[in-house]
Amino acid sequence: MAFIPSRIKFKKYEKVAGSVSLNLTSMMDMFTIILVFLLKTYSTEGQLIQPSQNLTLPNSTSQTAAEVALDLTVSKEWIMVNNRPVMQIGDIIADPTIGILEPVQKELLEYAKEAKRMDLSYGIPFTGKVTIQGDKNLPFSMISKVMATCGESEYPNMRLVVYQSQK
Amino acid sequence: MAFKPSQRGSQEAEPMEINIFPMMNLMVVLVPLLLSTATFVKIGVIELNLPQLGESVTGTATPPTEPQESLDLTVAIKTDGFFITSAFIGQEDALVIPLLGDGSFDYDTLSEKLFEIKRGILNTPKDTKNIILQAQANVEYQIFISTMDASRSYLTEEAIVELFPQVSISVDIL
């Protein structure tokens, strides 16, 4: 007596060739997770302050958000006011008798004059705010000189720009 | 006429598939868009407001009032550690916080000590906000910022405790 041929075996080959379907479910899962993560981290503000080249900002636990103001950058080589190089760091280190950085002060007073003119003609209040971006390896004497110069040049409200880090 | 017998038992159910391609299209567009606008490093600021120096002060400015007893709390950053001096703890026993074993500054102990000082003066009319920072000329900016962080707030197990948020910087210019 012959055996009954296996039905299971036949079912295997019954599929019509050409109807291959790709299983996209796992990829969809991945995309959904990424999308949720990105939506969570999305901030509508964007970056108001672009960190300058040639310097690494220090880390801080400060939670105060950045705001737009006159930009003073102290990189490893130059002091820049609104991205215009004003003074070389090497010159300041070479001469320890320098207290107030005069070229920087001149530049700042120029900006202050312009801002006050704007205040008078258009009513944009002059607040004396300046954001200071400093490299994290700079000596304190350099930073204190820059801060003293700002204080002397009608920009006493300083904001030290830092990377926010969770402790 | 007899009804046609039910074929429900003999018919094979077609496997249903949802058309996920519109969803995929949406994802493929949204993910790169959000990736390109995402900010992974957050930039913050530390506010420092100096009194304006020089002659530019106008007549309308009110003279600074000092209703509280000044504590004169000073933290000096030197290359060999922190030194806390204050009118409260007395000049003789200035608190010294030496460097850690690996040569880094001991911010946690600094916060703890300042927290103790703050707790000691909470119910007195003394000024509990201001602190003065001093630093040696060759102290790095990062150390200075971290010291400022340590003296502003203290992270206990339960919450962040405010210490001395109004930081003044003492420098010897000219």
# chains A, B, ... in the order shown; residues from 1 in each chain; ligands from 1
$ closest_atom_pairs --of "chain A" --to "chain B" --cutoff "7 Å" --atoms "only C-alpha atoms" --output "JSON lines"
{"residue": "A:Phe31", "atom": "CA", "partner": "B:Met27", "partner_atom": "CA", "distance": 6.5}
{"residue": "A:Leu35", "atom": "CA", "partner": "B:Val31", "partner_atom": "CA", "distance": 6.0}
{"residue": "A:Leu38", "atom": "CA", "partner": "B:Leu34", "partner_atom": "CA", "distance": 6.1}
{"residue": "A:Thr41", "atom": "CA", "partner": "B:Ala38", "partner_atom": "CA", "distance": 6.9}
{"residue": "A:Tyr42", "atom": "CA", "partner": "B:Ala38", "partner_atom": "CA", "distance": 5.8}
{"residue": "A:Pro58", "atom": "CA", "partner": "B:Gln142", "partner_atom": "CA", "distance": 5.1}
{"residue": "A:Ser60", "atom": "CA", "partner": "B:Ser146", "partner_atom": "CA", "distance": 6.3}
{"residue": "A:Thr61", "atom": "CA", "partner": "B:Asp149", "partner_atom": "CA", "distance": 6.3}
{"residue": "A:Ser62", "atom": "CA", "partner": "B:Ile46", "partner_atom": "CA", "distance": 6.4}
{"residue": "A:Gln63", "atom": "CA", "partner": "B:Gly44", "partner_atom": "CA", "distance": 6.4}
{"residue": "A:Thr64", "atom": "CA", "partner": "B:Gly44", "partner_atom": "CA", "distance": 5.6}
{"residue": "A:Ala65", "atom": "CA", "partner": "B:Gly44", "partner_atom": "CA", "distance": 4.9}
{"residue": "A:Ala66", "atom": "CA", "partner": "B:Gly44", "partner_atom": "CA", "distance": 4.9}
{"residue": "A:Gly99", "atom": "CA", "partner": "B:Leu174", "partner_atom": "CA", "distance": 5.3}
{"residue": "A:Lys136", "atom": "CA", "partner": "B:Gln142", "partner_atom": "CA", "distance": 4.8}
{"residue": "A:Asn137", "atom": "CA", "partner": "B:Glu140", "partner_atom": "CA", "distance": 5.2}
{"residue": "A:Leu138", "atom": "CA", "partner": "B:Glu140", "partner_atom": "CA", "distance": 5.5}
{"residue": "A:Pro139", "atom": "CA", "partner": "B:Glu140", "partner_atom": "CA", "distance": 4.6}
{"residue": "A:Phe140", "atom": "CA", "partner": "B:Ala137", "partner_atom": "CA", "distance": 5.2}
{"residue": "A:Ser141", "atom": "CA", "partner": "B:Ala137", "partner_atom": "CA", "distance": 4.5}
{"residue": "A:Ser144", "atom": "CA", "partner": "B:Val171", "partner_atom": "CA", "distance": 6.7}
{"residue": "A:Gly151", "atom": "CA", "partner": "B:Gln52", "partner_atom": "CA", "distance": 6.0}
{"residue": "A:Glu152", "atom": "CA", "partner": "B:Leu53", "partner_atom": "CA", "distance": 5.5}
{"residue": "A:Glu154", "atom": "CA", "partner": "B:Gln52", "partner_atom": "CA", "distance": 6.8}
{"residue": "A:Pro156", "atom": "CA", "partner": "B:Leu50", "partner_atom": "CA", "distance": 5.1}
{"residue": "A:Asn157", "atom": "CA", "partner": "B:Asn49", "partner_atom": "CA", "distance": 4.5}
{"residue": "A:Met158", "atom": "CA", "partner": "B:Leu48", "partner_atom": "CA", "distance": 5.1}
{"residue": "A:Arg159", "atom": "CA", "partner": "B:Glu47", "partner_atom": "CA", "distance": 4.7}
{"residue": "A:Leu160", "atom": "CA", "partner": "B:Ile46", "partner_atom": "CA", "distance": 5.0}
{"residue": "A:Val161", "atom": "CA", "partner": "B:Val45", "partner_atom": "CA", "distance": 4.5}
{"residue": "A:Val162", "atom": "CA", "partner": "B:Gly44", "partner_atom": "CA", "distance": 5.4}
{"residue": "A:Tyr163", "atom": "CA", "partner": "B:Ile43", "partner_atom": "CA", "distance": 4.7}
{"residue": "A:Gln164", "atom": "CA", "partner": "B:Lys42", "partner_atom": "CA", "distance": 5.5}
$ select_by_dssp --residues "chain A" --states "strand (DSSP E or B)" --output "ChimeraX atom specification"
/A:59-60,65,70-74,78-81,84-88,129-134,139,157-164
$ write_last_selection --atoms "N, CA and C atoms" --output "compact mmCIF listing (two decimals), in the first residue's frame"
# COMPACT_ATOMS: atom_id res chain seq x y z
N ASN A 59 32.27 74.33 30.28
CA ASN A 59 31.00 73.70 30.67
C ASN A 59 30.52 74.29 31.97
N SER A 60 29.21 74.37 32.12
CA SER A 60 28.65 74.92 33.34
C SER A 60 27.29 74.30 33.59
N ALA A 65 19.03 80.62 29.73
CA ALA A 65 19.08 80.51 28.27
C ALA A 65 19.86 81.68 27.68
N LEU A 70 25.52 92.01 21.85
CA LEU A 70 26.81 92.25 21.19
C LEU A 70 27.75 91.11 21.55
N ASP A 71 28.45 90.63 20.53
CA ASP A 71 29.23 89.41 20.70
C ASP A 71 30.72 89.74 20.83
N LEU A 72 31.29 89.35 21.96
CA LEU A 72 32.72 89.55 22.15
C LEU A 72 33.37 88.18 22.32
N THR A 73 34.29 87.87 21.44
CA THR A 73 34.90 86.55 21.45
C THR A 73 36.37 86.64 21.84
N VAL A 74 36.75 85.82 22.80
CA VAL A 74 38.16 85.73 23.17
C VAL A 74 38.62 84.33 22.79
N TRP A 78 42.82 85.66 19.01
CA TRP A 78 42.33 87.02 18.81
C TRP A 78 41.20 87.35 19.77
N ILE A 79 41.07 88.64 20.03
CA ILE A 79 39.85 89.14 20.66
C ILE A 79 39.02 89.75 19.54
N MET A 80 37.79 89.31 19.42
CA MET A 80 36.96 89.79 18.31
C MET A 80 35.69 90.41 18.84
N VAL A 81 35.31 91.54 18.25
CA VAL A 81 34.04 92.18 18.57
C VAL A 81 33.16 92.01 17.35
N ARG A 84 34.88 90.70 14.31
CA ARG A 84 35.95 91.48 13.68
C ARG A 84 37.15 91.45 14.62
N PRO A 85 38.28 90.90 14.17
CA PRO A 85 39.43 90.84 15.06
C PRO A 85 39.92 92.23 15.45
N VAL A 86 40.14 92.40 16.76
CA VAL A 86 40.51 93.72 17.26
C VAL A 86 41.90 93.70 17.87
N MET A 87 42.21 92.64 18.60
CA MET A 87 43.46 92.64 19.34
C MET A 87 43.98 91.21 19.41
N GLN A 88 45.31 91.08 19.41
CA GLN A 88 45.90 89.76 19.45
C GLN A 88 46.22 89.37 20.89
N LYS A 129 24.27 95.12 27.19
CA LYS A 129 24.51 93.68 27.31
C LYS A 129 25.57 93.24 26.32
N VAL A 130 26.44 92.39 26.77
CA VAL A 130 27.46 91.84 25.88
C VAL A 130 27.65 90.37 26.24
N THR A 131 27.73 89.51 25.22
CA THR A 131 28.00 88.10 25.50
C THR A 131 29.48 87.84 25.27
N ILE A 132 30.10 87.22 26.24
CA ILE A 132 31.53 86.95 26.14
C ILE A 132 31.74 85.46 25.93
N GLN A 133 32.35 85.13 24.81
CA GLN A 133 32.72 83.73 24.56
C GLN A 133 34.21 83.60 24.78
N GLY A 134 34.58 82.80 25.74
CA GLY A 134 35.99 82.65 26.03
C GLY A 134 36.42 81.19 25.95
N PRO A 139 43.86 81.93 30.65
CA PRO A 139 44.09 82.29 32.05
C PRO A 139 43.08 83.31 32.54
N ASN A 157 26.74 94.76 31.59
CA ASN A 157 25.92 93.55 31.77
C ASN A 157 26.48 92.43 30.90
N MET A 158 27.31 91.61 31.54
CA MET A 158 28.02 90.60 30.77
C MET A 158 27.35 89.26 30.89
N ARG A 159 27.36 88.53 29.82
CA ARG A 159 26.89 87.15 29.84
C ARG A 159 28.02 86.26 29.37
N LEU A 160 28.46 85.38 30.26
CA LEU A 160 29.52 84.46 29.89
C LEU A 160 28.88 83.25 29.21
N VAL A 161 29.27 83.01 27.98
CA VAL A 161 28.65 81.92 27.21
C VAL A 161 29.30 80.59 27.59
N VAL A 162 28.45 79.61 27.90
CA VAL A 162 28.95 78.30 28.33
C VAL A 162 28.13 77.20 27.66
N TYR A 163 28.69 76.01 27.64
CA TYR A 163 27.92 74.84 27.25
C TYR A 163 27.16 74.36 28.48
N GLN A 164 25.89 74.11 28.32
CA GLN A 164 25.12 73.58 29.45
C GLN A 164 25.38 72.09 29.58
$ residues_around --residues "Glu102 of chain A" --least-positions-apart "5" --cutoff "12 Å" --atoms "only C-alpha atoms" --output "PyMOL selection string"
chain A and resi 79+86-87+92+107-109+145-146+148-150+152-153
$ write_last_selection --atoms "N, CA and C atoms" --output "compact mmCIF listing (two decimals), in the first residue's frame"
# COMPACT_ATOMS: atom_id res chain seq x y z
N ILE A 79 41.07 88.64 20.03
CA ILE A 79 39.85 89.14 20.66
C ILE A 79 39.02 89.75 19.54
N VAL A 86 40.14 92.40 16.76
CA VAL A 86 40.51 93.72 17.26
C VAL A 86 41.90 93.70 17.87
N MET A 87 42.21 92.64 18.60
CA MET A 87 43.46 92.64 19.34
C MET A 87 43.98 91.21 19.41
N ILE A 92 48.87 90.88 24.38
CA ILE A 92 48.45 91.18 25.76
C ILE A 92 49.31 90.39 26.74
N GLU A 107 36.55 100.05 20.22
CA GLU A 107 35.55 99.36 19.41
C GLU A 107 34.20 99.30 20.14
N LEU A 108 34.25 98.96 21.43
CA LEU A 108 33.02 98.83 22.21
C LEU A 108 32.31 100.18 22.33
N LEU A 109 33.09 101.23 22.56
CA LEU A 109 32.48 102.55 22.70
C LEU A 109 31.81 102.96 21.40
N LYS A 145 40.64 90.94 32.46
CA LYS A 145 40.94 92.18 31.71
C LYS A 145 39.82 92.49 30.72
N VAL A 146 39.33 91.45 30.06
CA VAL A 146 38.25 91.65 29.09
C VAL A 146 37.00 92.15 29.81
N ALA A 148 36.86 93.75 32.69
CA ALA A 148 37.06 95.12 33.16
C ALA A 148 36.90 96.11 32.01
N THR A 149 37.39 95.71 30.83
CA THR A 149 37.25 96.58 29.66
C THR A 149 35.79 96.78 29.30
N CYS A 150 35.01 95.70 29.36
CA CYS A 150 33.58 95.83 29.08
C CYS A 150 32.91 96.76 30.08
N GLU A 152 34.20 99.15 31.68
CA GLU A 152 34.64 100.53 31.45
C GLU A 152 34.09 101.10 30.17
N SER A 153 33.51 100.27 29.31
CA SER A 153 33.11 100.73 27.99
C SER A 153 31.60 100.69 27.80
$ atom_distance --atom1 "atom CA of Tyr155 of chain A" --atom2 "atom CA of Ala112 of chain A"
7.7 Å
$ residues_around --residues "Leu110 of chain B" --least-positions-apart "3" --cutoff "8 Å" --atoms "only C-alpha atoms" --output "VMD selection string"
chain B and resid 82 97 106 to 107 113 to 114 150 to 151
$ decode --residues "segment 8-21 of chain B" --atoms "N, CA, C and O atoms" --output "PDB file, in the first residue's frame"
ATOM      1  N   ARG B   8     -18.173  29.783   4.135  1.00  0.00           N
ATOM      2  CA  ARG B   8     -17.282  30.435   5.086  1.00  0.00           C
ATOM      3  C   ARG B   8     -16.197  29.492   5.598  1.00  0.00           C
ATOM      4  O   ARG B   8     -15.062  29.854   5.792  1.00  0.00           O
ATOM      5  N   GLY B   9     -16.568  28.254   5.809  1.00  0.00           N
ATOM      6  CA  GLY B   9     -15.617  27.299   6.357  1.00  0.00           C
ATOM      7  C   GLY B   9     -14.542  26.910   5.379  1.00  0.00           C
ATOM      8  O   GLY B   9     -13.396  26.692   5.767  1.00  0.00           O
ATOM      9  N   SER B  10     -14.901  26.907   4.106  1.00  0.00           N
ATOM     10  CA  SER B  10     -13.936  26.390   3.154  1.00  0.00           C
ATOM     11  C   SER B  10     -13.043  27.480   2.566  1.00  0.00           C
ATOM     12  O   SER B  10     -11.948  27.197   2.086  1.00  0.00           O
ATOM     13  N   GLN B  11     -13.489  28.755   2.638  1.00  0.00           N
ATOM     14  CA  GLN B  11     -12.684  29.839   2.053  1.00  0.00           C
ATOM     15  C   GLN B  11     -11.512  30.203   2.958  1.00  0.00           C
ATOM     16  O   GLN B  11     -11.667  30.302   4.170  1.00  0.00           O
ATOM     17  N   GLU B  12     -10.374  30.403   2.355  1.00  0.00           N
ATOM     18  CA  GLU B  12      -9.212  30.819   3.151  1.00  0.00           C
ATOM     19  C   GLU B  12      -9.219  32.335   3.271  1.00  0.00           C
ATOM     20  O   GLU B  12      -9.440  33.039   2.282  1.00  0.00           O
ATOM     21  N   ALA B  13      -8.972  32.822   4.486  1.00  0.00           N
ATOM     22  CA  ALA B  13      -8.947  34.271   4.694  1.00  0.00           C
ATOM     23  C   ALA B  13      -7.672  34.840   4.078  1.00  0.00           C
ATOM     24  O   ALA B  13      -6.587  34.327   4.311  1.00  0.00           O
ATOM     25  N   GLU B  14      -7.835  35.889   3.292  1.00  0.00           N
ATOM     26  CA  GLU B  14      -6.669  36.555   2.710  1.00  0.00           C
ATOM     27  C   GLU B  14      -5.913  37.297   3.810  1.00  0.00           C
ATOM     28  O   GLU B  14      -6.517  37.992   4.626  1.00  0.00           O
ATOM     29  N   PRO B  15      -4.595  37.152   3.939  1.00  0.00           N
ATOM     30  CA  PRO B  15      -3.874  37.927   4.952  1.00  0.00           C
ATOM     31  C   PRO B  15      -3.951  39.422   4.649  1.00  0.00           C
ATOM     32  O   PRO B  15      -3.615  39.858   3.543  1.00  0.00           O
ATOM     33  N   MET B  16      -4.405  40.173   5.619  1.00  0.00           N
ATOM     34  CA  MET B  16      -4.588  41.613   5.418  1.00  0.00           C
ATOM     35  C   MET B  16      -3.265  42.338   5.612  1.00  0.00           C
ATOM     36  O   MET B  16      -2.511  42.045   6.536  1.00  0.00           O
ATOM     37  N   GLU B  17      -2.979  43.297   4.775  1.00  0.00           N
ATOM     38  CA  GLU B  17      -1.790  44.121   4.985  1.00  0.00           C
ATOM     39  C   GLU B  17      -2.170  45.575   4.884  1.00  0.00           C
ATOM     40  O   GLU B  17      -2.843  45.997   3.945  1.00  0.00           O
ATOM     41  N   ILE B  18      -1.717  46.362   5.872  1.00  0.00           N
ATOM     42  CA  ILE B  18      -1.993  47.790   5.831  1.00  0.00           C
ATOM     43  C   ILE B  18      -0.985  48.413   4.882  1.00  0.00           C
ATOM     44  O   ILE B  18       0.181  48.030   4.862  1.00  0.00           O
ATOM     45  N   ASN B  19      -1.438  49.382   4.141  1.00  0.00           N
ATOM     46  CA  ASN B  19      -0.514  50.070   3.247  1.00  0.00           C
ATOM     47  C   ASN B  19       0.293  51.084   4.049  1.00  0.00           C
ATOM     48  O   ASN B  19      -0.209  52.139   4.437  1.00  0.00           O
ATOM     49  N   ILE B  20       1.562  50.747   4.347  1.00  0.00           N
ATOM     50  CA  ILE B  20       2.347  51.626   5.209  1.00  0.00           C
ATOM     51  C   ILE B  20       3.252  52.559   4.410  1.00  0.00           C
ATOM     52  O   ILE B  20       4.023  53.313   4.975  1.00  0.00           O
ATOM     53  N   PHE B  21       3.123  52.559   3.111  1.00  0.00           N
ATOM     54  CA  PHE B  21       4.043  53.394   2.322  1.00  0.00           C
ATOM     55  C   PHE B  21       3.847  54.902   2.518  1.00  0.00           C
ATOM     56  O   PHE B  21       4.843  55.627   2.619  1.00  0.00           O
TER      57      PHE B  21
END
